[in-house]
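The next block is start27.cif, given as mmCIF, C-alpha atoms.
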```cif
data_upload
#
loop_
_atom_site.label_atom_id
_atom_site.label_comp_id
_atom_site.auth_asym_id
_atom_site.auth_seq_id
_atom_site.Cartn_x
_atom_site.Cartn_y
_atom_site.Cartn_z
CA MET A 1 -26.79 -25.47 4.59
CA ALA A 2 -25.80 -21.93 3.55
CA GLU A 3 -29.27 -20.91 2.39
CA ASN A 4 -30.96 -22.30 5.52
CA TYR A 5 -28.54 -20.83 8.04
CA LYS A 6 -30.40 -19.19 10.92
CA VAL A 7 -28.62 -16.21 12.45
CA ASP A 8 -28.73 -16.09 16.25
CA ASN A 9 -27.70 -13.56 18.90
CA VAL A 10 -24.13 -14.92 19.02
CA ASP A 11 -23.76 -14.36 15.28
CA LEU A 12 -25.15 -10.85 15.62
CA LYS A 13 -22.73 -10.02 18.44
CA ILE A 14 -19.78 -11.35 16.42
CA LEU A 15 -20.87 -9.32 13.40
CA GLU A 16 -21.35 -6.18 15.44
CA ILE A 17 -17.85 -6.44 16.94
CA LEU A 18 -16.17 -7.11 13.59
CA MET A 19 -18.16 -4.38 11.81
CA GLN A 20 -16.49 -1.88 14.14
CA ASP A 21 -13.00 -3.31 13.48
CA ALA A 22 -12.64 -6.12 10.95
CA LYS A 23 -8.96 -6.56 11.93
CA LYS A 24 -9.81 -7.49 15.52
CA PRO A 25 -8.40 -10.98 16.24
CA TYR A 26 -11.00 -13.71 16.67
CA THR A 27 -9.64 -14.36 20.19
CA GLU A 28 -10.60 -10.81 21.22
CA VAL A 29 -13.97 -11.12 19.48
CA ALA A 30 -14.54 -14.37 21.36
CA LYS A 31 -13.90 -12.70 24.73
CA LYS A 32 -16.37 -9.90 23.98
CA ALA A 33 -18.99 -12.35 22.66
CA PHE A 34 -18.41 -14.81 25.55
CA VAL A 35 -17.58 -17.74 23.23
CA SER A 36 -14.41 -19.56 22.17
CA GLY A 37 -12.13 -18.41 19.36
CA GLY A 38 -13.02 -21.59 17.48
CA THR A 39 -16.70 -20.69 17.70
CA VAL A 40 -16.02 -17.28 16.16
CA HIS A 41 -14.06 -18.90 13.34
CA VAL A 42 -16.77 -21.50 12.62
CA ARG A 43 -19.55 -18.90 12.82
CA MET A 44 -17.74 -16.53 10.46
CA ASN A 45 -17.23 -19.33 7.94
CA LYS A 46 -20.96 -20.16 8.12
CA LEU A 47 -21.90 -16.48 7.73
CA GLU A 48 -19.67 -16.26 4.66
CA GLU A 49 -21.14 -19.45 3.17
CA ALA A 50 -24.64 -18.06 3.76
CA GLY A 51 -23.70 -14.86 1.90
CA ILE A 52 -24.30 -12.69 4.98
CA VAL A 53 -20.63 -11.70 5.17
CA GLU A 54 -19.49 -10.83 1.67
CA LYS A 55 -16.04 -9.35 2.24
CA THR A 56 -13.90 -7.41 4.66
CA THR A 57 -12.64 -3.99 3.66
CA LEU A 58 -10.52 -1.11 4.91
CA LYS A 59 -11.94 2.33 5.52
CA VAL A 60 -9.55 4.72 3.81
CA ASN A 61 -9.32 8.46 4.43
CA TYR A 62 -9.29 9.57 0.79
CA ALA A 63 -8.50 13.19 1.70
CA LYS A 64 -5.17 12.08 3.20
CA LEU A 65 -4.37 10.46 -0.15
CA GLY A 66 -5.08 13.69 -2.03
CA TYR A 67 -8.74 13.12 -2.90
CA ASP A 68 -10.20 16.26 -1.32
CA ILE A 69 -13.61 16.14 -3.01
CA THR A 70 -16.36 13.66 -2.25
CA ALA A 71 -19.47 14.16 -4.37
CA PHE A 72 -22.80 12.51 -4.91
CA ILE A 73 -24.28 12.51 -8.39
CA GLY A 74 -27.93 12.00 -9.21
CA ILE A 75 -28.22 10.50 -12.66
CA PHE A 76 -31.28 10.79 -14.88
CA LEU A 77 -31.48 8.02 -17.47
CA GLN A 78 -33.10 8.47 -20.87
CA LYS A 79 -35.17 5.41 -19.96
CA SER A 80 -34.97 2.96 -17.07
CA ALA A 81 -34.40 0.02 -19.41
CA LEU A 82 -30.87 1.37 -19.95
CA TYR A 83 -29.88 0.85 -16.30
CA ASP A 84 -27.77 -2.31 -16.80
CA GLN A 85 -25.95 -0.85 -19.79
CA VAL A 86 -25.22 2.45 -18.00
CA MET A 87 -24.19 0.69 -14.78
CA ALA A 88 -21.68 -1.46 -16.67
CA LYS A 89 -20.07 1.67 -18.15
CA LEU A 90 -20.05 3.52 -14.82
CA LYS A 91 -18.31 0.59 -13.12
CA SER A 92 -15.31 1.23 -15.37
CA ILE A 93 -14.84 4.77 -13.99
CA PRO A 94 -12.36 4.37 -11.10
CA GLU A 95 -13.45 7.51 -9.22
CA ILE A 96 -16.92 6.04 -8.66
CA THR A 97 -17.02 4.12 -5.37
CA SER A 98 -20.72 3.23 -5.16
CA ILE A 99 -23.69 3.01 -7.50
CA HIS A 100 -27.32 2.78 -6.40
CA TYR A 101 -30.44 2.15 -8.48
CA THR A 102 -33.01 4.41 -6.87
CA THR A 103 -36.60 5.54 -6.74
CA GLY A 104 -37.49 9.21 -6.60
CA ASN A 105 -36.02 11.99 -8.70
CA TYR A 106 -32.94 10.11 -9.90
CA SER A 107 -32.65 6.78 -11.67
CA MET A 108 -29.19 6.27 -10.19
CA PHE A 109 -27.17 7.80 -7.39
CA VAL A 110 -23.38 7.48 -7.32
CA LYS A 111 -20.61 8.49 -4.96
CA ILE A 112 -17.28 9.67 -6.34
CA HIS A 113 -13.93 10.84 -4.97
CA CYS A 114 -11.83 13.41 -6.83
CA LYS A 115 -8.58 15.23 -6.13
CA ASP A 116 -9.98 18.72 -6.72
CA THR A 117 -12.66 20.62 -8.66
CA ASN A 118 -10.74 20.31 -11.93
CA HIS A 119 -10.62 16.54 -11.49
CA LEU A 120 -14.35 16.57 -10.64
CA LYS A 121 -15.09 18.51 -13.83
CA LEU A 122 -13.06 16.02 -15.87
CA VAL A 123 -14.86 13.02 -14.33
CA LEU A 124 -18.28 14.61 -14.88
CA HIS A 125 -17.75 16.06 -18.33
CA ASP A 126 -15.36 13.58 -19.93
CA LYS A 127 -16.47 10.34 -18.29
CA ILE A 128 -19.90 10.22 -16.66
CA GLN A 129 -21.81 12.55 -18.99
CA GLN A 130 -20.35 10.77 -22.01
CA VAL A 131 -22.04 7.48 -21.09
CA GLU A 132 -24.77 6.66 -23.57
CA GLY A 133 -28.16 6.49 -21.90
CA ILE A 134 -27.51 9.25 -19.36
CA GLU A 135 -29.83 12.17 -19.98
CA ARG A 136 -28.40 14.53 -17.35
CA THR A 137 -26.80 14.66 -13.90
CA GLU A 138 -27.02 16.71 -10.72
CA THR A 139 -23.92 16.95 -8.53
CA MET A 140 -23.78 17.57 -4.80
CA ILE A 141 -20.38 18.12 -3.19
CA SER A 142 -20.04 16.84 0.36
CA LEU A 143 -18.67 19.47 2.71
CA GLU A 144 -18.18 16.99 5.56
CA GLU A 145 -19.03 13.40 6.39
CA SER A 146 -20.50 13.70 9.87
CA LEU A 147 -21.54 10.08 10.31
CA ASP A 148 -20.42 6.78 8.82
CA ARG A 149 -21.43 3.76 10.83
CA SER A 150 -22.67 0.22 10.64
CA LEU A 151 -26.10 -0.82 11.84
CA ASN A 152 -26.43 -1.86 15.46
CA LEU A 153 -27.46 -5.52 15.12
CA THR A 154 -27.99 -6.46 18.76
#
```
Could you express the structure from this file as structure tokens?
Amino acid sequence: MAENYKVDNVDLKILEILMQDAKKPYTEVAKKAFVSGGTVHVRMNKLEEAGIVEKTTLKVNYAKLGYDITAFIGIFLQKSALYDQVMAKLKSIPEITSIHYTTGNYSMFVKIHCKDTNHLKLVLHDKIQQVEGIERTETMISLEESLDRSLNLT
């Protein structure tokens, strides 16, 4: 059933509401989606079984926890065949919060959070640039995140 699940407008409305606030009680979601709380629960279970909903997470303000630097790093690989090997090593670096395999100038694009520029230098020099298969990197420091949103599904 999970692979053949057909998403409808009710599912999309439920997803849209919960993507804005994953902690919202199903009873409140139900009111906004004009369905019962039980329907929301059943639909969410089906969406999870279908692999559409993978997990729920918290959005954390890293700056308030002392991580004042957010940076994006374009990674050039020595050859694209090394992607899996490099990705496995990068996953072990805790400051990296996302890894993308990309087209264009970079082979990979990662997002990291660091406490300050010294921490950033340590992560770049002592961790990322030491990974075998990485030819070079380009770092862009984010000055401000002006937009972070989910897609509008309905």
task: In the coordinate frame of the file, compute which residues have an atom within 12 Å of (-13.8, 11.3, -7.6) when using all atoms listed in the file, and state them as a PyMOL selection string.
output: chain A and resi 62-63+66-73+93-98+110-124+127-128+139+141-142
message: Given the point (-23.5, 6.4, -11.1) in the file's coordinates, find the residues that have an atom at most 6 Å from it, counting all atoms listed in the file, and give them as a list in words.
response: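 Protein and nucleic acid residues near the point are Leu90, Ile99, Met108, Phe109 and Val110 of chain A.
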message: With distances taken over all atoms listed in the file, which residue among A:Lys89, A:Lys13, A:Lys31, A:Lys64 lies nearest A:Gly133?
response: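 So, comparing all the options, the nearest one is A:Lys89.
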message: Can you spell out as a ChimeraX atom specification the set of residues that the PyMOL selection byres ((chain A and resi 77) around 7) selects in the structure I just provided?
response: /A:75-76,78-80,107,133-135
task: Between A:Thr56, A:Gln130, A:Asn105, A:Thr154, single out the one closest to A:Lys23, counting all atoms listed in the file.
output: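 So, comparing all the options, the nearest one is A:Thr56.
You can rank A:Thr102, A:Ser92, A:Val60, A:Leu153 by their closest distance to A:Val10 using all atoms listed in the file, and at the top of that list sits A:Leu153.
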query: What do you get, as a list in words, if you spell out every residue that the PyMOL selection byres ((chain A and resi 22) around 12) selects here?
result: Ile14, Leu15, Glu16, Ile17, Leu18, Met19, Gln20, Asp21, Lys23, Lys24, Pro25, Tyr26, Glu28, Val29, Met44, Val53, Lys55, Thr56, Thr57, Leu58, Lys59 and Ser150 of chain A
- request: In Å, rounded to a single decimal, give me how far atom CA of A:Asn4 is from atom CA of A:Asn152.
  value: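 One can read the atom CA of A:Asn152 to atom CA of A:Asn4 distance as 23.2 Å.
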- prompt: Please, what distance in Å, to one decimal, runs between atom CA of A:Arg43 and atom CA of A:Leu147?
  reply: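 Between atom CA of A:Arg43 and atom CA of A:Leu147 the gap works out to 29.2 Å.
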Point-to-point distance from atom CA of A:Val7 to atom CA of A:Leu47, Å rounded to tenths: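 Result for atom CA of A:Val7 versus atom CA of A:Leu47: 8.2 Å, one decimal.
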message: From the options A:Val40, A:Val131, A:Ile52, A:Thr103, which residue's atoms come nearest to A:Lys91, counting all atoms listed in the file?
response: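 When distances to A:Lys91 are compared using all atoms listed in the file, the smallest one comes from A:Val131.
Proximity of A:His125, A:Ala30, A:Tyr101, A:Leu12 to A:Leu82, computed with all atoms listed in the file, is greatest for A:Tyr101.
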